[in-house]
Structure formats: structure tokens, C-alpha cells
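Shown next: structure30.txt, containing compact mmCIF, C-alpha atoms.
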```
# COMPACT_ATOMS: atom_id res chain seq x y z
CA MET A 294 110.61 -85.43 9.26
CA THR A 295 111.04 -84.28 12.85
CA SER A 296 113.53 -86.86 14.05
CA ASP A 297 117.19 -86.53 13.19
CA HIS A 298 117.66 -90.31 13.30
CA ILE A 299 117.43 -91.61 9.75
CA ASN A 300 117.53 -95.10 8.30
CA PHE A 301 118.65 -95.31 4.66
CA ARG A 302 117.18 -98.36 2.95
CA PHE A 303 118.70 -99.53 -0.32
CA ILE A 304 116.85 -101.31 -3.11
CA LEU A 305 119.98 -101.73 -5.19
CA PRO A 306 122.61 -104.31 -6.18
CA GLU A 307 124.64 -105.35 -3.12
CA ARG A 308 127.85 -104.32 -4.84
CA VAL A 309 127.07 -100.57 -4.75
CA ILE A 310 125.58 -100.31 -1.25
CA PRO A 311 128.84 -100.08 0.79
CA VAL A 312 130.25 -97.12 -1.18
CA LEU A 313 126.92 -95.30 -0.87
CA ARG A 314 126.84 -95.88 2.90
CA ASN A 315 130.36 -94.51 3.14
CA THR A 316 129.27 -91.43 1.21
CA LEU A 317 126.03 -90.75 3.09
CA VAL A 318 127.94 -90.42 6.37
CA LEU A 319 129.22 -87.11 5.00
CA LEU A 320 125.75 -85.70 5.61
CA GLU A 321 126.47 -85.93 9.34
CA ASN A 322 129.32 -83.42 8.87
CA HIS A 323 126.99 -80.68 7.69
CA PHE A 324 123.45 -81.43 8.89
CA ASP A 325 121.74 -82.31 12.17
CA LEU A 326 121.13 -85.98 11.56
CA SER A 327 122.35 -89.34 12.77
CA ILE A 328 122.30 -92.39 10.53
CA ASP A 329 120.55 -95.14 12.47
CA ASP A 330 119.76 -98.53 10.95
CA GLU A 331 117.14 -99.10 13.66
CA SER A 332 115.22 -95.90 13.02
CA THR A 333 111.68 -96.07 11.69
CA ASN A 334 112.33 -92.90 9.69
CA VAL A 335 113.19 -94.69 6.46
CA ILE A 336 114.54 -93.10 3.29
CA THR A 337 114.59 -95.40 0.28
CA ILE A 338 117.33 -95.25 -2.34
CA SER A 339 116.87 -97.01 -5.66
CA GLU A 340 116.84 -96.52 -9.43
CA SER A 341 113.11 -95.80 -9.32
CA PRO A 342 111.99 -92.19 -9.85
CA THR A 343 109.45 -92.74 -7.05
CA SER A 344 112.09 -93.53 -4.40
CA ASP A 345 113.11 -90.87 -1.90
CA ILE A 346 116.56 -90.64 -3.49
CA GLN A 347 117.04 -91.82 -7.06
CA LEU A 348 120.39 -93.37 -7.99
CA SER A 349 121.36 -93.47 -11.64
CA GLY A 350 121.83 -96.67 -13.56
CA LYS A 351 124.97 -95.06 -14.90
CA PHE A 352 126.63 -94.96 -11.49
CA ILE A 353 125.61 -98.55 -10.82
CA HIS A 354 127.16 -99.58 -14.14
CA ILE A 355 130.47 -97.74 -13.73
CA PHE A 356 130.90 -99.01 -10.18
CA GLN A 357 130.05 -102.62 -10.96
CA GLN A 358 132.27 -102.61 -14.05
CA MET A 359 135.06 -100.53 -12.43
CA LYS A 360 134.98 -98.12 -15.38
CA PHE A 361 135.98 -94.87 -13.70
CA ASP A 362 137.38 -92.73 -16.54
CA HIS A 363 135.71 -89.33 -16.07
CA LEU A 364 135.46 -88.96 -19.85
CA GLN A 365 132.89 -91.76 -19.71
CA VAL A 366 131.31 -90.70 -16.43
CA PHE A 367 130.65 -87.01 -17.09
CA GLU A 368 129.35 -85.46 -20.29
CA LYS A 369 128.90 -81.68 -20.40
CA GLU A 370 129.41 -80.96 -16.70
CA PRO A 371 130.79 -82.68 -13.58
CA LEU A 372 127.48 -84.28 -12.62
CA ILE A 373 125.95 -87.70 -13.30
CA TYR A 374 122.35 -87.84 -14.49
CA CYS A 375 119.65 -90.50 -14.25
CA SER A 376 118.03 -91.78 -17.43
CA ASN A 377 115.00 -89.53 -16.81
CA GLY A 378 117.22 -86.44 -16.68
CA LYS A 379 117.24 -86.11 -12.90
CA PRO A 380 120.64 -85.25 -11.34
CA ASP A 381 122.27 -88.09 -9.40
CA TYR A 382 123.81 -86.12 -6.55
CA LEU A 383 124.55 -89.18 -4.41
CA GLY A 384 126.31 -91.13 -7.15
CA THR A 385 128.32 -88.08 -8.16
CA CYS A 386 129.43 -87.46 -4.57
CA ALA A 387 130.50 -91.09 -4.22
CA TYR A 388 132.52 -90.86 -7.42
CA MET A 389 134.24 -87.61 -6.50
CA VAL A 390 134.93 -87.87 -2.81
CA HIS A 391 136.53 -91.33 -3.03
CA TYR A 392 138.97 -90.37 -5.81
CA LEU A 393 137.42 -92.92 -8.18
CA GLN A 394 138.66 -91.08 -11.27
CA GLU A 395 142.16 -92.21 -10.29
CA TYR A 396 141.33 -95.92 -10.51
CA ILE A 397 142.28 -96.22 -14.17
CA ASP A 398 144.96 -98.12 -16.08
CA ASP A 399 145.82 -95.34 -18.53
CA GLU A 400 149.58 -94.78 -18.18
CA GLU A 401 149.29 -91.31 -19.71
CA SER A 402 147.22 -90.22 -16.72
CA PHE A 403 150.21 -90.62 -14.38
CA ASP A 404 153.59 -88.89 -14.44
CA GLU A 405 157.09 -90.25 -13.81
CA LEU A 406 156.45 -90.27 -10.05
CA ALA A 407 153.15 -92.16 -10.51
CA ARG A 408 151.18 -89.04 -9.59
CA PHE A 409 147.75 -88.60 -11.12
CA ARG A 410 148.12 -85.70 -13.52
CA TYR A 411 146.00 -82.64 -12.82
CA GLU A 412 145.67 -82.13 -16.57
CA LYS A 413 143.97 -85.54 -16.82
CA SER A 414 141.38 -84.80 -14.12
CA TYR A 415 137.76 -83.74 -14.41
CA GLN A 416 138.71 -80.71 -12.30
CA TYR A 417 140.98 -79.53 -15.10
CA ARG A 418 138.48 -80.47 -17.80
CA PHE A 419 135.67 -78.47 -16.22
CA SER A 420 137.80 -75.77 -14.51
CA CYS A 421 136.33 -76.69 -11.12
CA ILE A 422 139.44 -77.41 -9.01
CA LYS A 423 138.54 -74.59 -6.58
CA GLU A 424 134.92 -75.71 -6.16
CA ASN A 425 133.69 -77.71 -3.16
CA LEU A 426 131.33 -79.66 -5.41
CA VAL A 427 130.65 -82.49 -2.99
CA LEU A 428 129.33 -80.04 -0.40
CA GLU A 429 127.20 -78.34 -3.07
CA TYR A 430 125.76 -81.67 -4.15
CA LEU A 431 125.11 -82.82 -0.58
CA ILE A 432 123.10 -79.65 -0.04
CA MET A 433 121.19 -80.30 -3.28
CA LEU A 434 120.63 -83.91 -2.24
CA LYS A 435 119.14 -82.74 1.05
CA ASN A 436 117.01 -80.04 -0.57
CA ASN A 437 115.62 -82.39 -3.21
CA CYS A 438 114.68 -85.16 -0.77
CA THR A 439 111.39 -84.29 0.93
CA LYS A 440 112.23 -86.29 4.05
CA LEU A 441 115.54 -84.45 4.51
CA GLN A 442 114.42 -80.89 3.83
CA SER A 443 113.68 -80.04 7.46
CA LEU A 444 117.16 -80.96 8.66
CA GLY A 445 119.06 -78.16 10.37
CA ARG A 446 122.40 -77.02 8.99
CA LYS A 447 125.46 -77.20 11.21
CA ASN A 448 127.44 -73.98 11.64
CA ILE A 449 131.04 -74.99 10.91
CA SER A 450 133.67 -72.32 10.36
CA THR A 451 136.56 -73.25 8.12
CA SER A 452 139.82 -74.01 9.92
CA ILE A 453 143.43 -74.18 8.76
CA TRP A 454 145.44 -77.39 9.09
CA ALA A 455 149.07 -76.36 8.65
CA SER A 456 152.06 -78.53 7.86
CA HIS A 457 155.74 -78.20 7.03
CA ASP A 458 157.64 -80.71 4.89
CA ILE A 459 161.31 -80.85 5.83
CA ASP A 460 162.78 -81.74 2.45
CA SER A 461 166.10 -80.02 3.09
CA LEU A 462 168.01 -78.10 5.72
CA TYR A 463 170.42 -75.21 5.25
CA HIS A 464 173.06 -76.76 7.58
CA ASN A 465 175.03 -73.49 7.50
CA HIS A 466 174.68 -69.89 6.34
CA LEU A 467 176.42 -70.46 2.99
CA PRO A 468 173.26 -70.62 0.79
CA GLU A 469 171.98 -67.33 2.19
CA LEU A 470 175.43 -65.74 2.04
CA LYS A 471 175.80 -66.68 -1.63
CA THR A 472 172.40 -65.15 -2.39
CA ALA A 473 173.24 -61.92 -0.54
CA ILE A 474 176.58 -61.60 -2.36
CA TRP A 475 174.98 -62.38 -5.74
CA HIS A 476 172.42 -59.60 -5.25
CA PHE A 477 175.06 -57.31 -3.71
CA ARG A 478 173.16 -56.73 -0.46
CA PRO A 479 175.69 -55.46 2.13
CA ASP A 480 172.95 -55.24 4.77
CA GLN A 481 172.09 -58.92 4.33
CA ILE A 482 175.76 -59.92 4.28
CA LEU A 483 176.32 -58.09 7.57
CA SER A 484 173.20 -59.69 9.08
CA ILE A 485 174.43 -63.16 8.16
CA LEU A 486 177.95 -62.55 9.46
CA THR A 487 176.64 -61.36 12.84
CA ARG A 488 174.75 -64.64 13.39
CA LEU A 489 177.26 -67.15 12.07
CA HIS A 490 177.37 -68.76 15.50
CA ARG A 491 173.67 -69.73 15.27
CA ASP A 492 172.24 -72.76 13.52
CA PRO A 493 170.21 -71.22 10.65
CA ASP A 494 167.71 -74.07 10.69
CA MET A 495 167.06 -73.69 14.41
CA ALA A 496 166.34 -69.99 13.89
CA ILE A 497 163.88 -70.75 11.08
CA PHE A 498 162.19 -73.51 13.08
CA GLU A 499 161.78 -71.21 16.06
CA GLU A 500 160.20 -68.58 13.80
CA ILE A 501 157.72 -71.09 12.36
CA LEU A 502 156.85 -72.50 15.77
CA GLU A 503 156.27 -68.99 17.09
CA ILE A 504 153.89 -68.16 14.22
CA ASP A 505 151.94 -71.39 14.68
CA GLN A 506 151.78 -71.21 18.47
CA GLU A 507 150.77 -67.53 18.60
CA ASN A 508 147.85 -68.36 16.33
CA SER A 509 146.96 -71.68 18.02
CA ILE A 510 147.84 -73.66 14.90
CA PRO A 511 148.83 -77.26 15.82
CA ALA A 512 151.00 -77.85 12.76
CA THR A 513 152.45 -81.16 11.59
CA TRP A 514 156.11 -81.48 10.56
CA PHE A 515 156.92 -84.19 8.02
CA TRP A 516 160.47 -85.61 8.06
CA LEU A 517 162.42 -87.68 5.53
CA ALA A 518 164.33 -90.68 6.87
CA ASN A 519 166.11 -91.42 3.57
CA ASN A 520 168.85 -89.28 2.01
CA ALA A 521 169.59 -91.55 -0.97
CA VAL A 522 168.91 -90.07 -4.40
CA PHE A 523 166.08 -91.51 -6.49
CA ASN A 524 166.21 -92.33 -10.19
CA SER A 525 162.82 -91.80 -11.83
CA VAL A 526 161.55 -93.90 -14.73
CA SER A 527 162.59 -91.08 -17.08
CA GLY A 528 166.14 -91.19 -15.74
CA ARG A 529 165.84 -87.99 -13.74
CA VAL A 530 167.82 -87.98 -10.50
CA ILE A 531 165.73 -86.60 -7.63
CA GLU A 532 166.95 -85.82 -4.13
CA ASN A 533 165.29 -87.09 -0.99
CA ALA A 534 166.64 -85.52 2.22
CA ASN A 535 169.87 -83.52 2.22
CA TYR A 536 170.31 -84.44 5.88
CA GLN A 537 170.80 -87.56 8.01
CA ILE A 538 167.84 -88.20 10.26
CA THR A 539 170.21 -89.71 12.85
CA GLU A 540 172.64 -86.78 13.14
CA GLN A 541 172.55 -84.90 16.42
CA ARG A 542 171.64 -81.47 15.05
CA VAL A 543 168.62 -82.99 13.32
CA LYS A 544 167.64 -84.76 16.52
CA ASN A 545 167.84 -81.41 18.30
CA LEU A 546 165.48 -79.85 15.76
CA ILE A 547 163.02 -82.71 16.17
CA ALA A 548 163.24 -82.46 19.95
CA GLY A 549 162.31 -78.78 19.74
CA ILE A 550 159.20 -79.64 17.75
CA LYS A 551 158.20 -82.37 20.19
CA ARG A 552 158.45 -79.89 23.08
CA SER A 553 155.89 -77.69 21.37
CA GLU A 554 152.29 -78.63 20.57
CA ALA A 555 153.26 -79.65 17.04
CA THR A 556 152.99 -83.16 15.59
CA LEU A 557 155.63 -85.26 13.86
CA GLY A 558 154.90 -87.01 10.59
CA ILE A 559 156.75 -89.25 8.18
CA HIS A 560 157.55 -87.88 4.72
CA LYS A 561 157.70 -91.19 2.87
CA SER A 562 160.72 -91.03 0.59
CA LEU A 563 160.99 -91.69 -3.12
CA GLY A 564 162.03 -95.31 -3.57
CA CYS A 565 160.89 -96.27 -0.07
CA SER A 566 160.64 -100.04 0.34
CA ASN A 567 159.49 -100.09 3.97
CA ILE A 568 157.39 -97.24 5.33
CA SER A 569 157.35 -98.77 8.83
CA LEU A 570 161.15 -98.71 8.99
CA GLU A 571 161.30 -95.09 7.85
CA ARG A 572 158.70 -94.11 10.44
CA ASP A 573 160.58 -95.85 13.24
CA GLN A 574 163.82 -94.07 12.29
CA ILE A 575 162.07 -90.78 13.02
CA ASP A 576 159.69 -91.71 15.85
CA SER A 577 157.78 -94.97 16.29
CA CYS A 578 154.75 -93.06 17.61
CA ILE A 579 154.19 -91.26 14.29
CA ASN A 580 150.70 -91.86 12.93
CA ILE A 581 150.54 -89.65 9.82
CA ASN A 582 152.28 -89.69 6.45
CA ARG A 583 152.75 -87.49 3.42
CA ASN A 584 154.67 -88.78 0.42
CA HIS A 585 157.70 -86.80 -0.74
CA TYR A 586 156.78 -84.87 -3.92
CA LEU A 587 153.19 -86.11 -3.32
CA ALA A 588 154.41 -89.12 -5.31
CA GLY A 589 152.65 -92.40 -5.99
CA LYS A 590 149.18 -93.74 -6.66
CA LEU A 591 146.83 -93.13 -3.75
CA PRO A 592 145.17 -96.59 -3.55
CA GLU A 593 148.54 -98.34 -3.37
CA LEU A 594 149.74 -95.87 -0.75
CA TRP A 595 146.67 -96.34 1.44
CA ALA A 596 146.99 -100.13 1.25
CA GLU A 597 150.65 -99.89 2.28
CA MET A 598 149.78 -97.62 5.19
CA GLU A 599 147.15 -100.05 6.43
CA VAL A 600 149.81 -102.75 6.68
CA ALA A 601 152.09 -100.34 8.57
CA ASN A 602 149.25 -99.27 10.92
CA ILE A 603 149.66 -95.62 9.97
CA GLU A 604 146.13 -94.28 10.20
CA LYS A 605 146.38 -90.81 8.62
CA ASP A 606 147.64 -89.53 5.29
CA ALA A 607 148.09 -86.01 3.88
CA THR A 608 149.31 -86.71 0.34
CA ALA A 609 146.16 -86.17 -1.73
CA GLY A 610 146.67 -82.85 -3.44
CA PHE A 611 147.61 -81.67 -6.91
CA SER A 612 151.11 -80.19 -6.95
CA GLY A 613 150.19 -78.08 -9.96
CA ALA A 614 147.00 -76.46 -8.69
CA MET A 615 145.42 -75.09 -5.53
CA GLY A 616 142.11 -76.67 -4.65
CA PHE A 617 140.22 -79.89 -4.03
CA ARG A 618 141.57 -83.13 -5.51
CA ASN A 619 138.37 -84.93 -4.48
CA SER A 620 136.07 -81.88 -4.70
CA TYR A 621 135.56 -81.83 -0.92
CA GLY A 622 136.88 -79.71 1.92
CA LEU A 623 137.02 -82.08 4.91
CA PRO A 624 139.07 -85.19 5.77
CA VAL A 625 137.52 -88.42 4.53
CA ARG A 626 137.83 -92.17 4.87
CA PRO A 627 138.40 -93.18 1.22
CA PHE A 628 136.60 -96.18 -0.18
CA ASP A 629 138.40 -99.03 -1.93
CA PRO A 630 136.28 -100.20 -4.89
CA ARG A 631 138.58 -103.17 -5.45
CA ARG A 632 137.85 -104.70 -2.05
CA ASN A 633 134.48 -102.96 -1.75
CA HIS A 634 135.02 -101.52 1.70
CA PRO A 635 136.60 -98.37 3.17
CA PHE A 636 140.32 -98.09 3.76
CA ASN A 637 141.33 -97.98 7.40
CA ILE A 638 142.83 -94.57 6.65
CA ILE A 639 141.73 -90.98 7.14
CA GLU A 640 142.88 -88.76 4.27
CA TYR A 641 143.66 -85.12 5.03
CA PRO A 642 143.72 -83.71 1.50
CA LEU A 643 146.26 -81.05 0.60
CA HIS A 644 144.76 -77.83 -0.79
CA ILE A 645 147.42 -75.10 -0.71
CA MET A 646 151.19 -75.50 -1.22
CA ASP A 647 153.88 -72.84 -1.59
CA VAL A 648 155.70 -74.58 -4.46
CA THR A 649 152.54 -74.55 -6.60
CA PHE A 650 152.63 -70.76 -6.89
CA MET A 651 156.39 -70.60 -7.36
CA ASN A 652 156.18 -73.06 -10.25
CA GLN A 653 153.42 -70.91 -11.75
CA GLY A 654 155.80 -67.95 -11.68
CA LEU A 655 153.71 -65.92 -9.25
CA SER A 656 155.19 -63.34 -6.92
CA PRO A 657 154.53 -63.67 -3.17
CA GLY A 658 151.95 -60.88 -3.42
CA GLU A 659 150.14 -62.54 -6.31
CA ALA A 660 150.14 -65.88 -4.51
CA GLU A 661 148.78 -64.28 -1.34
CA LEU A 662 145.92 -62.68 -3.28
CA GLU A 663 144.96 -66.02 -4.86
CA ILE A 664 145.11 -67.87 -1.55
CA LEU A 665 143.09 -65.32 0.42
CA THR A 666 140.48 -65.20 -2.35
CA PHE A 667 140.20 -68.99 -2.10
CA LEU A 668 139.87 -68.86 1.70
CA ARG A 669 137.19 -66.16 1.54
CA LYS A 670 135.22 -68.29 -0.90
CA HIS A 671 135.30 -71.27 1.48
CA LYS A 672 134.55 -69.67 4.85
CA THR A 673 132.59 -72.66 6.13
CA ASP A 674 132.56 -76.46 6.09
CA CYS A 675 136.25 -76.93 5.30
CA GLN A 676 139.51 -77.86 6.93
CA ILE A 677 141.95 -76.25 4.53
CA SER A 678 145.34 -77.96 4.45
CA VAL A 679 148.24 -75.54 3.95
CA LEU A 680 151.78 -76.80 3.29
CA TRP A 681 154.66 -74.34 3.70
CA HIS A 682 158.20 -75.73 3.50
CA ASN A 683 160.74 -74.62 6.10
CA ASN A 684 163.18 -73.33 3.46
CA TYR A 685 160.83 -70.63 2.24
CA PHE A 686 160.92 -68.76 5.53
CA SER A 687 164.39 -67.44 4.64
CA ASP A 688 163.84 -63.79 3.70
CA ILE A 689 167.23 -63.69 2.03
CA LYS A 690 166.87 -66.81 -0.10
CA TYR A 691 163.10 -66.55 -0.68
CA PRO A 692 162.03 -62.99 0.17
CA GLY A 693 158.34 -62.51 0.87
CA TRP A 694 157.25 -66.15 1.01
CA GLY A 695 157.36 -66.48 4.78
CA ALA A 696 155.16 -63.38 4.99
CA VAL A 697 152.55 -65.08 2.79
CA TYR A 698 152.29 -67.93 5.30
CA LYS A 699 151.90 -65.42 8.14
CA SER A 700 149.12 -63.71 6.22
CA ILE A 701 147.29 -67.02 5.75
CA ILE A 702 147.55 -67.88 9.43
CA ASN A 703 146.51 -64.37 10.53
CA TYR A 704 143.50 -64.49 8.22
CA SER A 705 142.48 -67.83 9.70
CA LYS A 706 142.76 -66.51 13.26
CA GLN A 707 140.64 -63.46 12.48
CA ASN A 708 137.93 -65.41 10.66
CA THR A 709 137.37 -68.51 12.82
```

With the file now loaded, output its structure as C-alpha cells.
Amino acid sequence: MTSDHINFRFILPERVIPVLRNTLVLLENHFDLSIDDESTNVITISESPTSDIQLSGKFIHIFQQMKFDHLQVFEKEPLIYCSNGKPDYLGTCAYMVHYLQEYIDDEESFDELARFRYEKSYQYRFSCIKENLVLEYLIMLKNNCTKLQSLGRKNISTSIWASHDIDSLYHNHLPELKTAIWHFRPDQILSILTRLHRDPDMAIFEEILEIDQENSIPATWFWLANNAVFNSVSGRVIENANYQITEQRVKNLIAGIKRSEATLGIHKSLGCSNISLERDQIDSCININRNHYLAGKLPELWAEMEVANIEKDATAGFSGAMGFRNSYGLPVRPFDPRRNHPFNIIEYPLHIMDVTFMNQGLSPGEAELEILTFLRKHKTDCQISVLWHNNYFSDIKYPGWGAVYKSIINYSKQNT
């Protein structure tokens, strides 16, 4: 096929066509083609082995019946097969990229914050959390379809999308001073005493902004508008913000961010009853959200954001593991199988988070090695989302962790 304008024609039940259309658009991210319903270059998609692209009866069944448990979808590997043994790359991509494994009613698959458990995912089952499987399968789909084989491949270097969740502020130098005294570090004690007149948070924010700006990283800063504690279903008391979004010193910090090239976001709080109200308390122009603790079920969150006219989300990551929650490295418009059309939301999945490595007991050096290995593996076709909390830039309280972030950003600058 010489033309890059392609018309996909479906000989399938109407119910499954919209999700397939929403999946096929991903081809435009990586190959030189344009999907055009008026084009005479037709590619047929059906259950028939003689069609240009064969879709499995299994995918049709699970989608029509809304039976998305990966234990029933995948057998020995994370790939759906047709009845004749042919891999169903398209159906598998649709299942993975739209988070369909999370549309289940099994309470055991969600934790006390309604987060989908990593241990209940197919990524955990098949040890494939660090694999960009959707990209791999799109390439296989293209290579196995005669009419797509001549398509050129786009040259897309991986970029870093950085963000900083402002869960808490230091307010004063006391936390660092306590740490320095506890470890009997006279040099650190003296350093703290000589800068008591400075707001410690302002100094940290200026450091982060300098790192991001020097490396042309347009980071997003997510703020909490709620400082009330949250009681989880297990009875655990969890803190939201330890600051008041309306206090002047916080306003000064936000103003400093707005003067830079950075973006403001809402960090939807635990127990939030009105995401629009929380957004407006920070800045009514905010158009991106990330849930505090990455809490909640994604479909319910996206539906709530649609009502609030917040068009971007950055919640979809696993707090317990680095990698791809939907097996794909670029932002996507997730599909809603309940309403059978896409959400009016762009999801910017989270891939790398500082707390993940701390909870795993890794040192800063060990975490840096894991992260850089991951980045080297995915040099192309990704927008890697990196979350580094403001607190962890304190070299007294969290020595070495700010340097890991710098290393990530420097690597990105040198390799893009």
C-alpha cells in the first residue's frame, strides 16, 4: 500500500467497533498513516482468518459480556489468541491500553483506598510491568498485516514528563534540625541555624524550579486544597495536606510556580466530595488532576472529572511498582466500556515515583540504577511520567533522593 490514508472496515458486532476504533488511532502515534473513513485503501477486520486483520471471538465475547478478569482473558501469556491459534494483537491492545482489567467487581482486587492492587494485575502475574507491550503488539499488528507492512516508522525519542505532588510542607526548619541533631551532624546543624531566616519550602521550590528550567522540563505541581484527615475503611487515619491552601506563605509558593513555565494541578484529596470546588480553591484555570495517594477507581474518577470539565489526569500508576499500568508509554484517551465510548479525558499515566523505591527499601543509588535501566530500555515512543515529591529534595531529611531526580532529568536532556 503506497498511500498513508487508510480506511478500516469492520465486519463485526456493533458493540465492539468503537473500542477498536479508539485503539487503532494509536497506530498514528508510531507509523506514517492517517485513518480516513473516505479512503479507498480498505483494511477489513473480522473474525475470519481471511480478513486483513483477524479479531478473536474471545475478545468479542469478553467485551460484549463485560467479563474483564485477566485470569479469564489470558492463559499462559499476556496475549489473546484466535480460535485458529493466531495472535489477536488488536484485541489484546484494546484490553490493555484501556485498563479493562480494572473493570471488575472483585473487592479483593482493590485496597482500602479503592486502588487496583498491583498484585492482582496481569502485569504482576506475568512479570511484565516494565514492558511496553501495547507498542510491541502494534508493531506485530503492522508487520502481520500485508497492507500495513510498507508503512514508515516515526522517529520519536522518549521524553520525560515531570511532576511534583505537594503533600506536605516543612513550614519551618524544625524537621531538618531534629534529624541533624538525631544523627549528631554539627555541620548540618550549623547550616540550618545560618538560614533560619529563610522559608525552607521556598528554598526547596527554587531548587526544583532551577533543575526543571535548566533542563527545559515543564513540570506540573499538584496541590491539595483539603487539610482534613481521612478515615479509611480499615479505620486508618490518613493525612491530606499539612498546610492551608489559603494561607499567604502557600500563596507565595504558588505564585512563584506560576511565574515560571511550570503548570499547576489539583491533587484531589482523600474524601473529596467536590473536585470542582477543590480546583477553584487553588486556581480555577487548572485543567489536570492527580489523586492523593493515587487513590480511587479510575473509571469513577474519569467520570467525575468529565462533570468538572477537567480534561487531563495523571493518577494511573501503581504505587508499588515502576512501569506501565496499561502496558503503554504514551498518554491515551481511555475508553468507557459501560457507555461504549471514550472518556473526554486524556490520561497521563504515572511510571516512576520516588516513594515506590523507598517503600521497597532501596537506597538512592539502587533506585537510580533501576530507573536509568528502565529509561535506557525505553529510549523511544514513550512519554515517561516521573513524580518526585518536594519533601525529598531535603538533603538533611532525605539525603541522596534529590540527586536521583537530578540524574533522571540530566539523562533525559542528554538522550533526547

Return as JSON lines the residues of range 496-583 of chain A lying at most 12 Å from range 380-404 of chain A, together with the closest atom-to-atom pair for each and the distance in Å to one decimal, counting only C-alpha atoms, with rows in chain order and ascending residue number.
```
{"residue": "A:Ser525", "atom": "CA", "partner": "A:Asp404", "partner_atom": "CA", "distance": 10.0}
{"residue": "A:Val526", "atom": "CA", "partner": "A:Asp404", "partner_atom": "CA", "distance": 9.4}
{"residue": "A:Ser527", "atom": "CA", "partner": "A:Asp404", "partner_atom": "CA", "distance": 9.6}
```

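If you look at CA of Pro592 in chain A and CA of Val318 in chain A, they are 20.8 Å away from each other.
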
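CA of Leu680 in chain A to CA of Arg583 in chain A spans 10.7 Å [interatomic distance, one decimal].
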
Pick from A:Tyr411, A:Tyr621, A:Phe628, A:Phe636, whichever lies nearest to Ile603 in chain A using all atoms listed in the file
A:Phe636

Write out as a PyMOL selection string which residues come within 7 Å of range 644-651 of chain A when counting only C-alpha atoms, dropping same-chain ones fewer than 2 positions away.
chain A and resi 610+612-617+642+653-655+660+677-681

Using only C-alpha atoms, can you tell me which of A:Cys375, A:Ile353, A:Met495, A:Val312 comes closest to Ala548 in chain A?
A:Met495

At a cut-off of 8 Å, using all atoms listed in the file, what residues contact Val625 in chain A? Leave out same-chain residues fewer than 3 positions from it and give the result as a list in words.
Val390, Ile639, Glu640 and Tyr641 of chain A

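Counting all atoms listed in the file and comparing A:Ile453, A:Val543, A:Ala588, A:Ile510, the residue that lies closest to Leu668 in chain A is A:Ile453.
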